[in-house]
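First the structure, in the form of structure tokens, and then the observations on it.
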Amino acid sequence: MTKKRIELKTKTVFVTGSAGFIGSNLVLDLLKTQSPIKIIGIDNMNDYYDVSIKEWRLNQIDKIAAEHTDSTWTFIKGDIADRAVIDDIFAACHPDIVVNLAAQAGVRYSITNPDAYINSNLLGFYNILEACRHSYDSGAKGVEHLVYASSSSVYGSNKKVPYSTEDQVDHPVSLYAATKKSNELMAHAYSKLYNIPSTGLRFFTVYGPAGRPDMAYFGFTNRLVKGQTIQIFNYGNCRRDFTYVDDIVEGVKRVMAGAPERKNGEDGLPVPPYAVYNIGNQNPENLLDFVTILQEELIRAKVLPLDYDFEAHRELVPMQPGDVPVTYADCEPLLRDYGFQPGTDLRTGLRQFAEWYKEFYQV
Ligand SMILES: NC(=O)c1ccc[n+]([C@@H]2O[C@H](COP(=O)([O-])OP(=O)(O)OC[C@H]3O[C@@H](n4cnc5c(N)ncnc54)[C@H](O)[C@@H]3O)[C@@H](O)[C@H]2O)c1
């Protein structure tokens with residue numbers, strides 16, 4: 001699909017979930033590389049995980065924003081499920097590009113807390129789509145590109161690897177995955193009906209400094225530090241396409257700058273300017289190897305003592321409901337259309353995480 005090139009500098013960008021792991025890293029990068037730029041961020045600062053990490057990330061953004069006085073950074077504490085909040089932001093700021101990263105994430109939590117997923121991921125995303133739709137009212141230029149987070153979890157327990165965006169993904173195995181697939185369907189309908197250029201990104205297990213404490217590598221670290229045992233699911237036979245956060249940010253930024261082109265079909269009606277891409281490392285790693293490198297890097301960063309007895313602190317356990325045995329991204333379309341593929345190796349990425357952990361928790 002042909003893309004319309006968008007120069008990010010001087011644009012107004014609305015990032016939802018901007019105190020989140022990926023959102024905060026995106027805002028930081030945009031300020032550093034695309035100034036002058038106007039960025040509005042929203043986050044409801046919910047306590048699904050330690051809010052002090054979200055505050056730390058916002059602090060980092062404030063520091064970088066202060067160094068780029070030609071740009072503006074505005075943070076709004078608010079909920080994307082609140083229609084009036086979203087409409088007010090669009091009315092006041094007229095964003096050129098919208099990046100929707102706010103969501104209730106996590107596969108396991110969706111088993112016990114389904115409401116959070118319906119509110120943030122379905123109602124919240126609907127509000128974003130409606131605001132994009134009405135951004136064109138009265139002939140206004142409106143939103144040039146809506147980029148939103150989907151997830152590798154939409155592939156459910158598909159057997160064929162690598163996962164391709166051409167594959168059928170109609171059998172989600174968690175409510176989280178079902179909401180992400182729904183986002184893609186809703187975006188398609190809105191692209192077709194209202195000609196909104198939209199791109200969905202299926203992220204594959206993102207990790208890095210100031211990441212999410214609910215994710216395995218972070219939880220493992222917390223337990224190892226306390227001398228507790230870690231549980232390695234599916235007896236270690238899980239393979240994950242672990243993707244370093246800087247690679248995700250680079251991918252999102254490139255995608256933001258290339259929107260699916262608007263054009264009409266033979267019937268004179270818009271062909272939906274719609275696309276979905278995988279962003280993953282294309283190199284699934286065995287969970288046990290991942291944990292071994294993590295442990296080595298935690299020792300190197302002095303988070304764990306040199307003589308740490310790793311064997312004594314791990315337990316191999318069966319698969320958990322909603323989990324999938326392998327995630328493996330086919331990222332050829334991303335390379336073809338945006339000239340980029342994630343490539344950071346695990347040791348480099350986990351070293352950054354271990355060093356951040358040491359400093360943040362003053363271990
Ligand atoms: N990290 C990953 O491995 C991964 C993988 C696949 C998809 N994703 C998706 O990428 C996006 C970003 O993920 P992340 O890892 O940065 O997660 P995150 O939880 O760190 O970030 C999401 C942010 O959104 C905020 N938020 C949640 N609901 C909100 C609402 N209703 N209104 C306003 N703010 C709200 C949260 O407070 C949080 O700060 C999410 O959509 C997630 O589903 C992440």
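All residue names refer to the structure tokens as shown: chains lettered A, B, ... in order, residues numbered from 1 in each chain, ligands numbered from 1 in order.
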Might you pull out every residue within 9 Å of A:Lys77, with only C-alpha atoms counted and same-chain residues fewer than 3 positions away left off, and present them as a PyMOL selection string?
chain A and resi 41-45
Could you report the residues within 7 Å of ligand 1, using only C-alpha atoms and all ligand atoms, as a VMD selection string?
chain A and resid 16 to 23 42 to 46 54 78 to 81 101 to 105 119 to 120 124 149 to 152 202 to 207 211 to 212
Which residues come within 9 Å of A:Ile111, counting only C-alpha atoms, excluding same-chain residues fewer than 4 positions away, as a PyMOL selection string?
chain A and resi 107+174-176+321-322
Could the residues in this selection be written to a file with C-alpha atoms, as an mmCIF file, in the first residue's frame?
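As written to disk, again.cif reads:
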```
data_model
loop_
_atom_site.group_PDB
_atom_site.id
_atom_site.type_symbol
_atom_site.label_atom_id
_atom_site.label_comp_id
_atom_site.auth_asym_id
_atom_site.auth_seq_id
_atom_site.Cartn_x
_atom_site.Cartn_y
_atom_site.Cartn_z
ATOM 1 C CA VAL A 107 -3.347 -11.375 29.458
ATOM 2 C CA SER A 174 -8.049 -14.134 26.189
ATOM 3 C CA LEU A 175 -10.395 -11.166 26.528
ATOM 4 C CA TYR A 176 -7.350 -8.908 26.175
ATOM 5 C CA PRO A 321 -4.574 -20.207 30.947
ATOM 6 C CA GLY A 322 -4.461 -17.612 28.143
#
```
With only C-alpha atoms as the counted atoms, please give the residues lying no more than 12 Å from A:Asp309, apart from itself and same-chain residues fewer than 2 positions off, as a list in words.
Leu224, Val225, Gly227, Gln228, Thr229, Thr292, Gln295, Glu296, Ile299, Leu304, Pro305, Leu306, Asp307, Glu311, Ala312, His313 and Arg314 of chain A
A:Thr69, A:Asn286, A:Thr12, A:Ser35 ranked by distance to A:Gly236, top pick (using only C-alpha atoms)
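Ranked by minimum distance to A:Gly236, first place goes to A:Asn286.
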Using only C-alpha atoms for the distances, tell me which of A:Asp88, A:Asp330, A:Glu315, A:Asp345 is nearest to A:Gly280.
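Ranked by minimum distance to A:Gly280, first place goes to A:Asp330.
Residue nearest A:Glu144, chosen from A:Gly106, A:Pro272, A:Pro260, A:Gly208 and counting only C-alpha atoms: A:Pro260.
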So that I can see what lies close to A:Leu30, please list as JSON, numbers by chain the residues with an atom at most 9 Å from it, counting only C-alpha atoms and leaving out residues fewer than 3 positions away in the same chain.
{"A": [8, 9, 25, 26, 27, 33, 34, 35, 37, 39, 253]}
Output the selection as a short mmCIF file (atom, residue, chain, number, x, y, z; two decimals), in the first residue's frame - N, CA and C atoms for each residue.
```cif
data_model
loop_
_atom_site.label_atom_id
_atom_site.label_comp_id
_atom_site.auth_asym_id
_atom_site.auth_seq_id
_atom_site.Cartn_x
_atom_site.Cartn_y
_atom_site.Cartn_z
N LEU A 8 7.06 14.89 10.79
CA LEU A 8 6.57 14.96 12.17
C LEU A 8 6.88 16.31 12.84
N LYS A 9 7.99 16.90 12.42
CA LYS A 9 8.35 18.19 13.03
C LYS A 9 7.23 19.20 12.79
N ASN A 25 8.28 6.35 26.42
CA ASN A 25 9.49 6.26 25.59
C ASN A 25 9.28 6.91 24.23
N LEU A 26 8.05 6.81 23.72
CA LEU A 26 7.76 7.46 22.44
C LEU A 26 7.83 8.97 22.59
N VAL A 27 7.21 9.50 23.65
CA VAL A 27 7.20 10.96 23.86
C VAL A 27 8.65 11.46 24.00
N THR A 33 14.08 13.92 18.97
CA THR A 33 14.44 13.83 17.55
C THR A 33 13.55 14.65 16.62
N GLN A 34 12.38 15.10 17.08
CA GLN A 34 11.44 15.75 16.15
C GLN A 34 11.08 17.18 16.56
N SER A 35 11.83 17.76 17.48
CA SER A 35 11.53 19.14 17.87
C SER A 35 11.82 20.07 16.70
N ILE A 37 8.01 20.27 18.06
CA ILE A 37 6.83 19.44 17.95
C ILE A 37 5.91 19.77 19.13
N ILE A 39 3.30 18.10 21.68
CA ILE A 39 2.80 16.78 22.11
C ILE A 39 1.84 16.96 23.27
N LYS A 253 7.51 5.42 15.35
CA LYS A 253 7.82 6.74 14.79
C LYS A 253 7.84 6.70 13.26
#
```
Closest of A:Ile279, A:Cys93, A:Ala116, A:Leu122 to A:Val245 - atom-to-atom distances counting only C-alpha atoms:
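Ranking A:Ile279, A:Cys93, A:Ala116, A:Leu122 by distance to A:Val245, first place goes to A:Ile279.
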How many Å separate atom CA of A:Trp73 from atom CA of A:Asn59?
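Interatomic distance here is 12.0 Å.
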If you run DSSP on this backbone, which residues of stretch 10-91 of chain A come out as helix (DSSP H, G or I), and could you give them as a PyMOL selection string?
chain A and resi 21-34+51-67+83-91
Residue subset to file, keeping N, CA and C atoms, as a tab-separated table (two decimals), in the first residue's frame:
```
chain	number	residue	atom	x	y	z
A	21	PHE	N	4.69	2.49	29.61
A	21	PHE	CA	6.04	2.06	29.22
A	21	PHE	C	6.38	2.52	27.79
A	22	ILE	N	5.57	2.13	26.83
A	22	ILE	CA	5.87	2.46	25.44
A	22	ILE	C	5.57	3.94	25.17
A	23	GLY	N	4.44	4.43	25.69
A	23	GLY	CA	4.04	5.81	25.45
A	23	GLY	C	5.08	6.81	25.93
A	24	SER	N	5.61	6.60	27.14
A	24	SER	CA	6.59	7.56	27.67
A	24	SER	C	7.88	7.53	26.84
A	25	ASN	N	8.28	6.35	26.42
A	25	ASN	CA	9.49	6.26	25.59
A	25	ASN	C	9.28	6.91	24.23
A	26	LEU	N	8.05	6.81	23.72
A	26	LEU	CA	7.76	7.46	22.44
A	26	LEU	C	7.83	8.97	22.59
A	27	VAL	N	7.21	9.50	23.65
A	27	VAL	CA	7.20	10.96	23.86
A	27	VAL	C	8.65	11.46	24.00
A	28	LEU	N	9.44	10.74	24.79
A	28	LEU	CA	10.84	11.14	24.98
A	28	LEU	C	11.56	11.21	23.63
A	29	ASP	N	11.38	10.18	22.84
A	29	ASP	CA	12.07	10.12	21.55
A	29	ASP	C	11.60	11.23	20.60
A	30	LEU	N	10.29	11.48	20.59
A	30	LEU	CA	9.77	12.53	19.70
A	30	LEU	C	10.35	13.89	20.09
A	31	LEU	N	10.43	14.14	21.40
A	31	LEU	CA	11.00	15.42	21.84
A	31	LEU	C	12.46	15.52	21.43
A	32	LYS	N	13.19	14.41	21.58
A	32	LYS	CA	14.63	14.44	21.29
A	32	LYS	C	14.91	14.56	19.80
A	33	THR	N	14.08	13.92	18.97
A	33	THR	CA	14.44	13.83	17.55
A	33	THR	C	13.55	14.65	16.62
A	34	GLN	N	12.38	15.10	17.08
A	34	GLN	CA	11.44	15.75	16.15
A	34	GLN	C	11.08	17.18	16.56
A	51	VAL	N	2.44	2.90	40.56
A	51	VAL	CA	2.27	4.22	39.93
A	51	VAL	C	3.57	5.03	39.98
A	52	SER	N	4.45	4.72	40.94
A	52	SER	CA	5.69	5.51	41.04
A	52	SER	C	6.54	5.34	39.77
A	53	ILE	N	6.38	4.21	39.09
A	53	ILE	CA	7.13	4.03	37.82
A	53	ILE	C	6.55	4.96	36.76
A	54	LYS	N	5.22	5.10	36.75
A	54	LYS	CA	4.60	6.02	35.78
A	54	LYS	C	5.03	7.46	36.09
A	55	GLU	N	5.09	7.80	37.38
A	55	GLU	CA	5.52	9.16	37.77
A	55	GLU	C	6.98	9.39	37.37
A	56	TRP	N	7.81	8.37	37.57
A	56	TRP	CA	9.24	8.47	37.20
A	56	TRP	C	9.37	8.75	35.70
A	57	ARG	N	8.54	8.02	34.93
A	57	ARG	CA	8.62	8.22	33.46
A	57	ARG	C	8.21	9.64	33.10
A	58	LEU	N	7.13	10.14	33.74
A	58	LEU	CA	6.69	11.51	33.44
A	58	LEU	C	7.76	12.53	33.82
A	59	ASN	N	8.46	12.25	34.89
A	59	ASN	CA	9.57	13.10	35.32
A	59	ASN	C	10.67	13.17	34.27
A	60	GLN	N	10.98	12.00	33.70
A	60	GLN	CA	12.00	11.96	32.65
A	60	GLN	C	11.55	12.81	31.47
A	61	ILE	N	10.27	12.73	31.13
A	61	ILE	CA	9.76	13.51	30.00
A	61	ILE	C	9.87	15.00	30.32
A	62	ASP	N	9.48	15.39	31.54
A	62	ASP	CA	9.56	16.81	31.92
A	62	ASP	C	10.98	17.34	31.76
A	63	LYS	N	11.95	16.51	32.17
A	63	LYS	CA	13.36	16.96	32.07
A	63	LYS	C	13.75	17.18	30.62
A	64	ILE	N	13.40	16.24	29.75
A	64	ILE	CA	13.77	16.37	28.33
A	64	ILE	C	12.99	17.51	27.69
A	65	ALA	N	11.72	17.67	28.09
A	65	ALA	CA	10.91	18.76	27.52
A	65	ALA	C	11.53	20.11	27.87
A	66	ALA	N	12.08	20.20	29.08
A	66	ALA	CA	12.68	21.46	29.51
A	66	ALA	C	13.91	21.80	28.65
A	67	GLU	N	14.54	20.78	28.07
A	67	GLU	CA	15.71	21.03	27.21
A	67	GLU	C	15.31	21.41	25.79
A	83	ARG	N	-15.74	10.29	27.23
A	83	ARG	CA	-15.91	10.90	25.91
A	83	ARG	C	-15.66	12.42	25.94
A	84	ALA	N	-16.17	13.08	26.99
A	84	ALA	CA	-16.06	14.54	27.05
A	84	ALA	C	-14.59	14.96	27.13
A	85	VAL	N	-13.78	14.20	27.86
A	85	VAL	CA	-12.36	14.54	28.00
A	85	VAL	C	-11.69	14.48	26.63
A	86	ILE	N	-11.96	13.42	25.89
A	86	ILE	CA	-11.33	13.24	24.57
A	86	ILE	C	-11.82	14.33	23.60
A	87	ASP	N	-13.13	14.57	23.60
A	87	ASP	CA	-13.66	15.59	22.69
A	87	ASP	C	-13.07	16.97	23.00
A	88	ASP	N	-12.91	17.28	24.29
A	88	ASP	CA	-12.34	18.59	24.67
A	88	ASP	C	-10.90	18.71	24.16
A	89	ILE	N	-10.15	17.63	24.28
A	89	ILE	CA	-8.74	17.69	23.82
A	89	ILE	C	-8.70	17.92	22.30
A	90	PHE	N	-9.55	17.20	21.58
A	90	PHE	CA	-9.56	17.38	20.12
A	90	PHE	C	-10.01	18.79	19.75
A	91	ALA	N	-11.01	19.30	20.47
A	91	ALA	CA	-11.52	20.65	20.16
A	91	ALA	C	-10.46	21.71	20.44
```
Of the candidates A:Lys160, A:His171, A:Lys4, A:His188, which one gets nearest to A:Leu129 if we count only C-alpha atoms?
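The answer is A:His188, which sits nearest to A:Leu129.
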Point-to-point distance from atom CA of A:Leu335 to atom CA of A:His145, Å rounded to tenths:
19.4 Å
Counting only C-alpha atoms, figure out which residue out of A:Arg262, A:Arg300, A:Arg108, A:Lys181 gets nearest to A:Phe125.
A:Lys181
Can you list every residue in stretch 153-344 of chain A that DSSP puts in strand (DSSP E or B), as a ChimeraX atom specification?
/A:163,198-203,206-207,230-232,239-240,243-244,258-260,263-264,270-271,274-279,285-286,314-316,326,329
Same residues, N, CA and C atoms, saved as a short mmCIF file (atom, residue, chain, number, x, y, z; two decimals), in the first residue's frame:
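New file out.cif:
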```
data_model
loop_
_atom_site.label_atom_id
_atom_site.label_comp_id
_atom_site.auth_asym_id
_atom_site.auth_seq_id
_atom_site.Cartn_x
_atom_site.Cartn_y
_atom_site.Cartn_z
N TYR A 163 4.27 -15.58 12.59
CA TYR A 163 2.94 -15.01 12.49
C TYR A 163 2.94 -13.89 11.45
N SER A 198 -5.47 4.91 9.09
CA SER A 198 -5.16 4.28 10.37
C SER A 198 -4.22 3.09 10.20
N THR A 199 -3.32 2.95 11.17
CA THR A 199 -2.39 1.82 11.15
C THR A 199 -2.35 1.18 12.53
N GLY A 200 -2.62 -0.11 12.58
CA GLY A 200 -2.53 -0.87 13.83
C GLY A 200 -1.19 -1.58 13.91
N LEU A 201 -0.64 -1.61 15.10
CA LEU A 201 0.68 -2.25 15.27
C LEU A 201 0.57 -3.37 16.29
N ARG A 202 0.89 -4.57 15.84
CA ARG A 202 0.88 -5.72 16.75
C ARG A 202 2.26 -5.85 17.38
N PHE A 203 2.35 -5.39 18.63
CA PHE A 203 3.63 -5.45 19.34
C PHE A 203 3.86 -6.85 19.88
N VAL A 206 7.29 -6.60 24.65
CA VAL A 206 8.22 -5.46 24.71
C VAL A 206 8.88 -5.42 26.10
N TYR A 207 10.19 -5.20 26.13
CA TYR A 207 10.90 -5.14 27.41
C TYR A 207 11.90 -3.98 27.37
N ILE A 230 11.46 -18.44 41.18
CA ILE A 230 10.65 -18.00 40.04
C ILE A 230 10.06 -19.22 39.34
N GLN A 231 8.86 -19.00 38.78
CA GLN A 231 8.19 -20.09 38.07
C GLN A 231 8.35 -19.87 36.58
N ILE A 232 8.87 -20.88 35.91
CA ILE A 232 9.05 -20.77 34.47
C ILE A 232 7.99 -21.65 33.80
N ARG A 239 8.55 -19.89 23.74
CA ARG A 239 9.46 -19.05 22.95
C ARG A 239 8.78 -17.73 22.66
N ARG A 240 9.49 -16.67 22.95
CA ARG A 240 8.92 -15.33 22.82
C ARG A 240 9.81 -14.46 21.95
N THR A 243 11.07 -7.99 22.28
CA THR A 243 11.40 -6.83 21.46
C THR A 243 11.79 -5.65 22.36
N TYR A 244 12.96 -5.11 22.10
CA TYR A 244 13.46 -4.02 22.95
C TYR A 244 12.66 -2.73 22.67
N GLY A 258 4.30 7.74 7.96
CA GLY A 258 3.84 7.21 6.68
C GLY A 258 2.43 6.67 6.80
N ALA A 259 1.45 7.48 6.42
CA ALA A 259 0.04 7.07 6.59
C ALA A 259 -0.47 6.37 5.32
N PRO A 260 -1.31 5.36 5.48
CA PRO A 260 -1.92 4.75 4.29
C PRO A 260 -2.62 5.83 3.46
N LYS A 263 -7.54 6.86 -1.18
CA LYS A 263 -7.92 6.84 -2.60
C LYS A 263 -9.30 6.21 -2.74
N ASN A 264 -9.92 6.45 -3.89
CA ASN A 264 -11.24 5.87 -4.12
C ASN A 264 -11.14 4.61 -4.97
N PRO A 270 -14.35 5.50 -0.85
CA PRO A 270 -12.98 5.33 -0.36
C PRO A 270 -12.60 3.86 -0.19
N VAL A 271 -11.39 3.53 -0.63
CA VAL A 271 -10.77 2.26 -0.25
C VAL A 271 -10.22 2.53 1.13
N TYR A 274 -6.11 1.81 5.45
CA TYR A 274 -6.00 0.99 6.66
C TYR A 274 -4.86 -0.01 6.50
N ALA A 275 -4.09 -0.18 7.56
CA ALA A 275 -3.02 -1.19 7.51
C ALA A 275 -2.76 -1.71 8.92
N VAL A 276 -2.23 -2.92 8.98
CA VAL A 276 -1.81 -3.52 10.26
C VAL A 276 -0.43 -4.14 10.04
N TYR A 277 0.48 -3.92 11.00
CA TYR A 277 1.83 -4.49 10.90
C TYR A 277 2.19 -5.22 12.19
N ASN A 278 3.06 -6.20 12.08
CA ASN A 278 3.74 -6.77 13.24
C ASN A 278 4.97 -5.93 13.55
N ILE A 279 5.26 -5.76 14.83
CA ILE A 279 6.60 -5.25 15.21
C ILE A 279 7.16 -6.19 16.26
N GLU A 285 13.09 -16.32 21.34
CA GLU A 285 14.09 -16.87 22.25
C GLU A 285 13.37 -17.77 23.24
N ASN A 286 14.05 -18.84 23.59
CA ASN A 286 13.54 -19.75 24.60
C ASN A 286 13.52 -19.03 25.94
N ARG A 314 14.64 -21.58 40.87
CA ARG A 314 13.70 -21.67 39.75
C ARG A 314 12.92 -22.97 39.79
N GLU A 315 11.67 -22.85 39.32
CA GLU A 315 10.77 -23.99 39.35
C GLU A 315 10.10 -24.05 37.96
N LEU A 316 10.15 -25.22 37.33
CA LEU A 316 9.54 -25.35 36.01
C LEU A 316 8.09 -25.81 36.20
N VAL A 326 4.37 -20.01 21.72
CA VAL A 326 5.38 -19.32 20.92
C VAL A 326 4.80 -18.05 20.33
N ALA A 329 7.25 -13.06 15.12
CA ALA A 329 6.70 -12.07 14.18
C ALA A 329 7.32 -12.18 12.80
#
```
Atom CA of A:Glu266 to atom CA of A:Pro197, distance in Å rounded to a single decimal
19.0 Å
Got a sec: who's within 9 Å of A:Lys302, counting only C-alpha atoms, leaving out chain neighbours fewer than 4 positions off, as an MDAnalysis selection string?
chainID A and resid 297:298 306 354:355 358 363
